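Colleague: This structure is in structure tokens; I'll ask about it shortly.
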Amino acid sequence: MNDVGKRKTVNAKESKYINPMIDGGFKLLFGSEKSKELTISLLSSILGFSIEDIVFLNTELLPETLGEKPIRYDILCMDKGHNRYLLEMQVKGHPGLLERTFYYMGRCLSSQLEAGEDYRNLKGVYGIFLMWCGIGDSSEDFIKDYRMVNILKTSEKVDEIRQIFINLRKFGKGKDECVTMMEKWLY
């Protein structure tokens, strides 16, 4: 996987494999009705709970006001309980990447309600960011799972807003060492 950042010209008709690290390959593998079962398996294994079914949502959020930034998610889907799942692949790091994920999550949350709707109708938003670059620090952790937590009593947390960053470069298990479904997916 060390050649991830290098681009090769390959005739698609001759290729047997789809590269999930390339935007089009990632969306083809996980962003269509044909691949729905794969997407459900990946999401469930990373989040640690079962997802029965999903529908794919529009991945482009147009600005609500003039001058506001548009958003183009890689993959956005929703389960039967109306929880939203944002799935992104990021190969190259850049300044503001962490802040962009906050913006993406915020828009995914704020787009759920219409004028006059009760805030208690908000559903969960789960962001999974598969990356070939790190976020923020030089720790050895390959996975970072962020939730809203009361820092004075950490047992009090909000599980319905969650961001998971997975640094694929730091995932160090070999094929025979992978036990969980998540580890097998990441391998």
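We label chains A, B, ... in the order they appear in the structure tokens, count residues from 1 in each chain, and number ligands from 1 in the order shown.
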Can you tell me, as a count of residues only, which residues in chain A count as alpha helix (DSSP H) by DSSP?
Modeller: 40
Colleague: Any idea what's packed within 6 Å of segment 156-171 of chain A, counting only C-alpha atoms, ignoring anything in its chain fewer than 3 positions away? Could you give it as a list in words?
Modeller: Gly124, Val125, Tyr126, Gly127, Ile128, Phe129, Leu130, Met131, Trp132, Gly134, Phe142, Ile143, Lys144, Asp145, Tyr146, Arg147, Met148, Val149, Asn150 and Lys153 of chain A
Colleague: Which of these, A:Lys16, A:Lys175, A:Arg100, A:Arg107, has the shortest distance to Glu64 of chain A once you count only C-alpha atoms?
Modeller: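 For Glu64 of chain A, the nearest of the given residues is A:Arg107.
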Colleague: Compile the contact shell of Tyr187 of chain A as number ranges by chain: residues with an atom at most 10 Å away, counting only C-alpha atoms, same-chain residues fewer than 2 positions apart removed.
Modeller: A: 168, 171-178, 181-185
Colleague: List every residue of segment 13-167 of chain A that DSSP, applied to the backbone, labels as strand (DSSP E or B), and write the result as a ChimeraX atom specification.
Modeller: /A:54-56,60-61,71-72,75-79,84-90,125-131,143-149,157-167
Colleague: Nearest residue to Arg72 of chain A out of A:Arg120, A:Ile18, A:Asp23, A:Leu109, using only C-alpha atoms?
Modeller: A:Asp23
